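Trainee: Just protein10.pdb, nothing more (PDB, C-alpha atoms):
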```pdb
ATOM      1  CA  MET A1227      36.003  44.193 -13.511
ATOM      2  CA  ALA A1228      38.055  41.945 -11.229
ATOM      3  CA  ARG A1229      41.826  41.881 -11.384
ATOM      4  CA  THR A1230      43.455  38.776 -12.776
ATOM      5  CA  ARG A1231      44.894  36.522 -10.138
ATOM      6  CA  ARG A1232      48.693  36.244 -10.067
ATOM      7  CA  ASP A1233      50.313  32.818  -9.985
ATOM      8  CA  LEU A1234      50.494  31.686  -6.361
ATOM      9  CA  ASP A1235      53.268  29.162  -6.979
ATOM     10  CA  PRO A1236      55.971  30.667  -9.209
ATOM     11  CA  HIS A1237      58.605  28.526  -7.439
ATOM     12  CA  GLY A1238      56.807  25.233  -8.189
ATOM     13  CA  GLN A1239      56.532  24.157  -4.551
ATOM     14  CA  ALA A1240      52.882  23.004  -4.443
ATOM     15  CA  ALA A1241      53.852  19.359  -3.897
ATOM     16  CA  GLN A1242      56.217  20.346  -1.086
ATOM     17  CA  VAL A1243      53.441  22.314   0.612
ATOM     18  CA  LEU A1244      51.172  19.252   0.590
ATOM     19  CA  GLN A1245      53.956  16.969   1.810
ATOM     20  CA  GLN A1246      54.964  19.272   4.646
ATOM     21  CA  LEU A1247      51.343  19.865   5.654
ATOM     22  CA  LYS A1248      50.828  16.113   6.183
ATOM     23  CA  GLY A1249      53.470  15.917   8.893
ATOM     24  CA  GLU A1250      53.173  19.371  10.446
ATOM     25  CA  PRO A1251      51.785  19.446  14.006
ATOM     26  CA  ALA A1252      49.208  22.041  15.046
ATOM     27  CA  GLY A1253      50.620  25.551  15.289
ATOM     28  CA  TRP A1254      51.423  28.645  13.280
ATOM     29  CA  ARG A1255      53.416  26.777  10.630
ATOM     30  CA  ARG A1256      50.531  24.377   9.909
ATOM     31  CA  GLU A1257      48.093  27.280   9.736
ATOM     32  CA  ARG A1258      50.196  29.050   7.110
ATOM     33  CA  LEU A1259      50.674  25.872   5.085
ATOM     34  CA  LEU A1260      46.923  25.254   5.159
ATOM     35  CA  ALA A1261      46.237  28.792   3.948
ATOM     36  CA  VAL A1262      48.585  28.265   0.998
ATOM     37  CA  LYS A1263      47.048  24.863   0.241
ATOM     38  CA  LEU A1264      43.587  26.410   0.179
ATOM     39  CA  GLY A1265      44.896  29.166  -2.081
ATOM     40  CA  LEU A1266      46.479  26.640  -4.435
ATOM     41  CA  ASP A1267      43.219  24.671  -4.579
ATOM     42  CA  GLY A1268      41.599  27.805  -5.990
ATOM     43  CA  GLN A1269      38.111  27.045  -4.666
ATOM     44  CA  LEU A1270      38.126  29.797  -2.034
ATOM     45  CA  ASP A1271      38.976  33.474  -2.372
ATOM     46  CA  LEU A1272      40.874  35.418   0.294
ATOM     47  CA  GLU A1273      37.717  36.039   2.311
ATOM     48  CA  GLY A1274      36.829  32.340   2.219
ATOM     49  CA  ILE A1275      40.292  31.240   3.337
ATOM     50  CA  ALA A1276      40.288  33.850   6.108
ATOM     51  CA  ALA A1277      36.849  32.744   7.324
ATOM     52  CA  SER A1278      37.806  29.056   7.321
ATOM     53  CA  LEU A1279      40.949  29.761   9.374
ATOM     54  CA  GLY A1280      39.455  32.434  11.621
ATOM     55  CA  ARG A1281      41.975  35.045  10.489
ATOM     56  CA  ALA A1282      41.764  38.493   8.945
ATOM     57  CA  ARG A1283      41.831  38.751   5.160
ATOM     58  CA  SER A1284      44.941  40.929   5.388
ATOM     59  CA  CYS A1285      46.739  38.222   7.366
ATOM     60  CA  ILE A1286      46.018  35.588   4.712
ATOM     61  CA  GLN A1287      46.975  38.024   1.968
ATOM     62  CA  GLY A1288      50.331  38.604   3.684
ATOM     63  CA  TRP A1289      51.038  34.885   3.987
ATOM     64  CA  LEU A1290      50.201  34.241   0.333
ATOM     65  CA  GLU A1291      52.390  37.143  -0.729
ATOM     66  CA  ARG A1292      55.300  35.774   1.324
ATOM     67  CA  PHE A1293      54.865  32.413  -0.389
ATOM     68  CA  ARG A1294      54.715  34.054  -3.842
ATOM     69  CA  ARG A1295      57.901  36.011  -3.256
ATOM     70  CA  GLY A1296      60.078  33.550  -1.374
ATOM     71  CA  GLY A1297      58.410  30.145  -1.418
ATOM     72  CA  LEU A1298      58.254  27.883   1.628
ATOM     73  CA  GLU A1299      61.347  29.392   3.197
ATOM     74  CA  ALA A1300      59.771  32.841   3.372
ATOM     75  CA  LEU A1301      56.354  31.519   4.396
ATOM     76  CA  LEU A1302      57.756  29.583   7.338
ATOM     77  CA  GLN A1303      59.903  32.355   8.793
ATOM     78  CA  PRO A1304      58.939  32.691  12.482
ATOM     79  CA  PRO A1305      56.419  35.430  13.308
ATOM     80  CA  ARG A1306      58.032  38.729  14.219
ATOM     81  CA  ARG A1307      57.899  39.736  17.841
ATOM     82  CA  GLY A1308      58.096  43.227  19.276
ATOM     83  CA  GLN A1309      61.472  44.677  20.072
ATOM     84  CA  GLY A1310      62.100  43.878  23.700
ATOM     85  CA  PRO A1311      65.155  43.665  25.943
ATOM     86  CA  ALA A1312      67.817  41.316  24.629
TER
END
```
Translate the structure of the given file into structure tokens.

Mentor:
Amino acid sequence: MARTRRDLDPHGQAAQVLQQLKGEPAGWRRERLLAVKLGLDGQLDLEGIAASLGRARSCIQGWLERFRRGGLEALLQPPRRGQGPA
């Protein structure tokens, strides 16, 4: 039996995702917004979203979890880089 899907948008930011996606140039921010949009549409599962974006399922899962927990602000935090010289 499959687990029930948790609400992807507890912060009510679906409209903001669509609005920001319209004006976002190509890059990591647009890719994350598109993943959330596809998740909000509900037509694709994690594997489908990952395949359409050419990313690992775990990557998409992480992005959706960030959006669930902290909304757009958390989703659009810059990717972490390795600890290098300051």

Trainee: Using only C-alpha atoms, pick whichever of A:Pro1236, A:Ser1278, A:Arg1295, A:Ala1252 has the shortest atom-to-atom distance to Leu1264 of chain A.

Mentor: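 Nearest candidate to Leu1264 of chain A out of A:Pro1236, A:Ser1278, A:Arg1295, A:Ala1252: A:Ser1278.
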
Trainee: Hey, which of A:Arg1258, A:Glu1250, A:Leu1270, A:Ala1240 ends up closest to Ala1300 of chain A? Count all atoms listed in the file.

Mentor: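 Ranked by minimum distance to Ala1300 of chain A, first place goes to A:Arg1258.
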
Trainee: Please list as a PyMOL selection string every residue within 9 Å of Leu1247 of chain A, counting all atoms listed in the file and excluding residues in the same chain fewer than 2 positions away.

Mentor: chain A and resi 1242-1245+1249-1251+1255-1256+1259-1260+1263

Trainee: What is the atom CA of Gln1239 of chain A to atom CA of Leu1298 of chain A distance in Å?

Mentor: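 Separating atom CA of Gln1239 of chain A from atom CA of Leu1298 of chain A is a distance of 7.4 Å.
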
Trainee: Which distance in Å separates atom CA of Gly1238 of chain A and atom CA of Gly1280 of chain A, to one decimal?

Mentor: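 Spanning atom CA of Gly1238 of chain A to atom CA of Gly1280 of chain A is a straight-line distance of 27.3 Å.
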
Trainee: Identify, on the basis of only C-alpha atoms, every residue whose closest approach to Asp1271 of chain A does not exceed 12 Å; exclude the query and any residue fewer than 2 positions from it along the same chain; express the result as an MDAnalysis selection string.

Mentor: chainID A and resid 1231 1261:1262 1264:1269 1273:1278 1283 1286:1287 1290

Trainee: Could the residues in this selection be saved with C-alpha atoms as a PDB file, in the frame of the given file?

Mentor:
```
ATOM      1  CA  ARG A1231      44.894  36.522 -10.138  1.00  0.00           C
ATOM      2  CA  ALA A1261      46.237  28.792   3.948  1.00  0.00           C
ATOM      3  CA  VAL A1262      48.585  28.265   0.998  1.00  0.00           C
ATOM      4  CA  LEU A1264      43.587  26.410   0.179  1.00  0.00           C
ATOM      5  CA  GLY A1265      44.896  29.166  -2.081  1.00  0.00           C
ATOM      6  CA  LEU A1266      46.479  26.640  -4.435  1.00  0.00           C
ATOM      7  CA  ASP A1267      43.219  24.671  -4.579  1.00  0.00           C
ATOM      8  CA  GLY A1268      41.599  27.805  -5.990  1.00  0.00           C
ATOM      9  CA  GLN A1269      38.111  27.045  -4.666  1.00  0.00           C
ATOM     10  CA  GLU A1273      37.717  36.039   2.311  1.00  0.00           C
ATOM     11  CA  GLY A1274      36.829  32.340   2.219  1.00  0.00           C
ATOM     12  CA  ILE A1275      40.292  31.240   3.337  1.00  0.00           C
ATOM     13  CA  ALA A1276      40.288  33.850   6.108  1.00  0.00           C
ATOM     14  CA  ALA A1277      36.849  32.744   7.324  1.00  0.00           C
ATOM     15  CA  SER A1278      37.806  29.056   7.321  1.00  0.00           C
ATOM     16  CA  ARG A1283      41.831  38.751   5.160  1.00  0.00           C
ATOM     17  CA  ILE A1286      46.018  35.588   4.712  1.00  0.00           C
ATOM     18  CA  GLN A1287      46.975  38.024   1.968  1.00  0.00           C
ATOM     19  CA  LEU A1290      50.201  34.241   0.333  1.00  0.00           C
TER      20      LEU A1290
END
```

Trainee: Determine the nearest neighbour of Leu1272 of chain A from the options A:Gly1253, A:Pro1304, A:Gly1296, A:Gly1288, counting all atoms listed in the file.

Mentor: A:Gly1288

Trainee: Rounded to one decimal in Å, what is the spacing between atom CA of Arg1307 of chain A and atom CA of Leu1234 of chain A?

Mentor: 26.6 Å

Trainee: Taking into account all atoms listed in the file, which residue in the set A:Asp1233, A:Ala1241, A:Gln1246, A:Ser1284 is nearest to Leu1302 of chain A?

Mentor: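 Closest candidate: A:Gln1246.
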
Trainee: Build an axis-aligned box that encloses every atom of segment 1249-1257 of chain A listed in the file, pad it by 6 Å on each side, and report its centre and edge lengths in Å to one decimal, as AutoDock Vina command-line options.

Mentor:
```
--center_x 50.8 --center_y 22.3 --center_z 12.1 --size_x 17.4 --size_y 24.7 --size_z 18.4
```
